[in-house]
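Reading through the structure tokens given below for one structure.
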Amino acid sequence: MRYSVRRIGLGSALRMSLLLGWVVALCPSLCMAGLAVQVLRTLSRALAQVQTLDITVLGQKIATIDPLALLQLRGAADAVNRLTAGLLGTFLLLTLALLIVGGVMFVAAGVLVSVVYNLLAPIAGGLEVELKSRAGQGD
């Protein structure tokens with residue numbers, strides 16, 4: 001038996017894209033979140049090594065220079081410190097955010113492919129599928 005797929009239902013494509021999107025995006029999301037946490041840890045250690053400079057003349061401190069404040073990086077350093085304070089929470093939030101973004105991208109691709117297929121199928125005749133009944137099962 002030969003059949004031709006003339007149209008893909010948009011609801012069906014949306015359901016399958018949602019289901020597959022989370023599965024496909026899970027591993028890359030975990031890897032990217034792990035990489036981001038490692039980068040945050042390294043950045044936090046590097047920023048922690050930056051110290052203020054005290055300028056003294058004849059034993060009197062006349063000025064203090066904060067390189068992070070001078071470069072306007074104090075807010076960024078504080079944000080990195082907050083993110084690295086709870087690494088597990090940061091990892092889980094990043095994983096969830098990346099999983100959602102990956103799922104949405106997969107859904108968009110699935111819907112786009114189904115719309116394009118539905119536009120081209122009447123012109124090209126659609127995808128042909130040959131079906132064969134298995135022995136021992138009814139027709």
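Starting from 1 in every chain, residues are counted up; chains themselves are A, B, ... following the order of the structure tokens, and ligands are numbered from 1 as listed.
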
Next item on the list: Give the strand (DSSP E) residues of chain A, as DSSP finds them on the backbone, and put them as a ChimeraX atom specification.
Entry: /A:2-5,53-57,60-65,127-130

N, CA and C atoms of the current selection, written as a PDB file, in the first residue's frame:
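Listing of again_14.pdb after writing:
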ATOM      1  N   ARG A   2       0.589   2.142  -0.869  1.00  0.00           N
ATOM      2  CA  ARG A   2       1.331   3.394  -0.943  1.00  0.00           C
ATOM      3  C   ARG A   2       0.406   4.531  -0.541  1.00  0.00           C
ATOM      4  N   TYR A   3       0.929   5.396   0.310  1.00  0.00           N
ATOM      5  CA  TYR A   3       0.188   6.559   0.765  1.00  0.00           C
ATOM      6  C   TYR A   3       1.031   7.793   0.538  1.00  0.00           C
ATOM      7  N   SER A   4       0.370   8.903   0.426  1.00  0.00           N
ATOM      8  CA  SER A   4       1.058  10.176   0.264  1.00  0.00           C
ATOM      9  C   SER A   4       0.623  11.106   1.388  1.00  0.00           C
ATOM     10  N   VAL A   5       1.596  11.712   2.052  1.00  0.00           N
ATOM     11  CA  VAL A   5       1.305  12.674   3.112  1.00  0.00           C
ATOM     12  C   VAL A   5       1.102  14.025   2.443  1.00  0.00           C
ATOM     13  N   LEU A  53      44.593  49.579  46.134  1.00  0.00           N
ATOM     14  CA  LEU A  53      45.958  50.077  46.310  1.00  0.00           C
ATOM     15  C   LEU A  53      45.930  51.278  47.250  1.00  0.00           C
ATOM     16  N   ASP A  54      46.768  51.237  48.258  1.00  0.00           N
ATOM     17  CA  ASP A  54      46.892  52.361  49.191  1.00  0.00           C
ATOM     18  C   ASP A  54      48.165  53.131  48.852  1.00  0.00           C
ATOM     19  N   ILE A  55      48.027  54.443  48.695  1.00  0.00           N
ATOM     20  CA  ILE A  55      49.178  55.299  48.426  1.00  0.00           C
ATOM     21  C   ILE A  55      49.533  56.013  49.734  1.00  0.00           C
ATOM     22  N   THR A  56      50.754  55.765  50.174  1.00  0.00           N
ATOM     23  CA  THR A  56      51.205  56.370  51.425  1.00  0.00           C
ATOM     24  C   THR A  56      52.448  57.222  51.172  1.00  0.00           C
ATOM     25  N   VAL A  57      52.486  58.342  51.853  1.00  0.00           N
ATOM     26  CA  VAL A  57      53.646  59.226  51.790  1.00  0.00           C
ATOM     27  C   VAL A  57      54.066  59.506  53.234  1.00  0.00           C
ATOM     28  N   GLN A  60      51.826  58.192  55.952  1.00  0.00           N
ATOM     29  CA  GLN A  60      50.436  58.680  55.962  1.00  0.00           C
ATOM     30  C   GLN A  60      49.732  58.199  54.692  1.00  0.00           C
ATOM     31  N   LYS A  61      48.568  57.592  54.873  1.00  0.00           N
ATOM     32  CA  LYS A  61      47.792  57.147  53.707  1.00  0.00           C
ATOM     33  C   LYS A  61      47.094  58.367  53.119  1.00  0.00           C
ATOM     34  N   ILE A  62      47.405  58.652  51.870  1.00  0.00           N
ATOM     35  CA  ILE A  62      46.805  59.843  51.249  1.00  0.00           C
ATOM     36  C   ILE A  62      45.732  59.497  50.216  1.00  0.00           C
ATOM     37  N   ALA A  63      45.742  58.265  49.710  1.00  0.00           N
ATOM     38  CA  ALA A  63      44.734  57.889  48.715  1.00  0.00           C
ATOM     39  C   ALA A  63      44.594  56.376  48.665  1.00  0.00           C
ATOM     40  N   THR A  64      43.400  55.950  48.294  1.00  0.00           N
ATOM     41  CA  THR A  64      43.119  54.534  48.053  1.00  0.00           C
ATOM     42  C   THR A  64      42.536  54.414  46.647  1.00  0.00           C
ATOM     43  N   ILE A  65      43.110  53.539  45.887  1.00  0.00           N
ATOM     44  CA  ILE A  65      42.634  53.323  44.520  1.00  0.00           C
ATOM     45  C   ILE A  65      42.018  51.934  44.437  1.00  0.00           C
ATOM     46  N   LEU A 127       5.070  13.651   0.451  1.00  0.00           N
ATOM     47  CA  LEU A 127       5.970  12.553   0.786  1.00  0.00           C
ATOM     48  C   LEU A 127       5.217  11.247   0.619  1.00  0.00           C
ATOM     49  N   GLU A 128       5.794  10.321  -0.151  1.00  0.00           N
ATOM     50  CA  GLU A 128       5.135   9.031  -0.352  1.00  0.00           C
ATOM     51  C   GLU A 128       5.688   8.014   0.624  1.00  0.00           C
ATOM     52  N   VAL A 129       4.765   7.259   1.213  1.00  0.00           N
ATOM     53  CA  VAL A 129       5.113   6.244   2.190  1.00  0.00           C
ATOM     54  C   VAL A 129       4.515   4.931   1.736  1.00  0.00           C
ATOM     55  N   GLU A 130       5.325   3.864   1.791  1.00  0.00           N
ATOM     56  CA  GLU A 130       4.815   2.543   1.439  1.00  0.00           C
ATOM     57  C   GLU A 130       4.630   1.753   2.725  1.00  0.00           C
TER      58      GLU A 130
END

Next item on the list: Tell me, as an MDAnalysis selection string, which residues lie within 12 Å of Leu68 in chain A, counting only C-alpha atoms; anything in the same chain fewer than 3 positions away does not count.
Entry: chainID A and resid 46:53 65 71:78

Please, could you write that set of residues out with C-alpha atoms as a compact mmCIF listing (two decimals), in the first residue's frame?
# COMPACT_ATOMS: atom_id res chain seq x y z
CA ALA A 46 40.21 36.40 39.16
CA LEU A 47 38.13 39.31 40.47
CA ALA A 48 38.84 38.30 44.07
CA GLN A 49 42.56 38.72 43.43
CA VAL A 50 42.12 42.37 42.47
CA GLN A 51 42.98 44.41 45.57
CA THR A 52 42.76 48.07 46.41
CA LEU A 53 45.96 50.08 46.31
CA ILE A 65 42.63 53.32 44.52
CA LEU A 71 37.02 50.48 35.70
CA GLN A 72 33.34 50.48 36.74
CA LEU A 73 33.41 46.72 37.33
CA ARG A 74 32.36 46.73 40.99
CA GLY A 75 28.71 45.92 40.15
CA ALA A 76 29.76 43.10 37.84
CA ALA A 77 32.09 41.70 40.50
CA ASP A 78 29.28 41.75 43.07

Please produce, as a Markdown table, a per-residue contact table for range 28-71 of chain A versus range 86-94 of chain A (criterion: any atom at most 8 Å away, only C-alpha atoms considered), showing the nearest atom pair and its distance in Å to one decimal, sorted by chain then residue number.
| residue | atom | partner | partner_atom | distance |
| --- | --- | --- | --- | --- |
| A:Ser29 | CA | A:Leu94 | CA | 7.9 |
| A:Ala33 | CA | A:Leu94 | CA | 5.4 |
| A:Gly34 | CA | A:Phe91 | CA | 6.6 |
| A:Val37 | CA | A:Phe91 | CA | 6.4 |

Item checked: Secondary structure check, alpha helix (DSSP H) residues of chain A, as JSON, numbers by chain -> {"A": [10, 11, 12, 13, 14, 15, 16, 17, 18, 19, 20, 21, 22, 23, 24, 25, 26, 27, 28, 29, 30, 31, 32, 33, 34, 35, 36, 37, 38, 39, 40, 41, 42, 43, 44, 45, 46, 47, 48, 67, 68, 69, 70, 74, 75, 76, 77, 78, 79, 80, 81, 82, 83, 84, 85, 87, 88, 89, 90, 91, 92, 93, 94, 95, 96, 97, 98, 99, 100, 101, 102, 103, 104, 105, 106, 107, 108, 109, 110, 111, 112, 113, 114, 115, 116, 117, 118, 119, 120, 121, 122, 123, 124]}

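If you measure from each of A:Met1, A:Val80, A:Leu14, A:Pro28 to Val101 in chain A using only C-alpha atoms, the closest one turns out to be A:Pro28.
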
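Between CA of Val115 in chain A and CA of Leu98 in chain A the separation is 25.6 Å.
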
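A straight line drawn from CA of Ser17 in chain A to CA of Ala108 in chain A is 8.2 Å long.
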
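Take the candidates A:Ala69, A:Met32, A:Leu131, A:Val111 and check each one against Leu10 in chain A using only C-alpha atoms; the shortest distance goes to A:Val111.
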
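Here CA of Ser114 in chain A stands at a distance of 29.6 Å from CA of Cys31 in chain A.
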
So that I can see what lies close to Gly103 in chain A, please list as an mmCIF file with N, CA and C atoms, in the first residue's frame the residues with an atom at most 7 Å from it, counting only C-alpha atoms and leaving out residues fewer than 6 positions away in the same chain.
data_model
loop_
_atom_site.group_PDB
_atom_site.id
_atom_site.type_symbol
_atom_site.label_atom_id
_atom_site.label_comp_id
_atom_site.auth_asym_id
_atom_site.auth_seq_id
_atom_site.Cartn_x
_atom_site.Cartn_y
_atom_site.Cartn_z
ATOM 1 N N LEU A 18 7.224 20.158 20.735
ATOM 2 C CA LEU A 18 7.336 20.394 22.179
ATOM 3 C C LEU A 18 7.949 19.189 22.885
ATOM 4 N N GLY A 21 11.589 18.740 21.588
ATOM 5 C CA GLY A 21 12.434 19.890 21.887
ATOM 6 C C GLY A 21 13.096 19.794 23.244
ATOM 7 N N TRP A 22 12.357 19.379 24.257
ATOM 8 C CA TRP A 22 12.923 19.264 25.602
ATOM 9 C C TRP A 22 13.965 18.150 25.649
ATOM 10 N N ALA A 25 17.121 19.288 23.685
ATOM 11 C CA ALA A 25 17.838 20.405 24.309
ATOM 12 C C ALA A 25 18.422 20.060 25.677
#
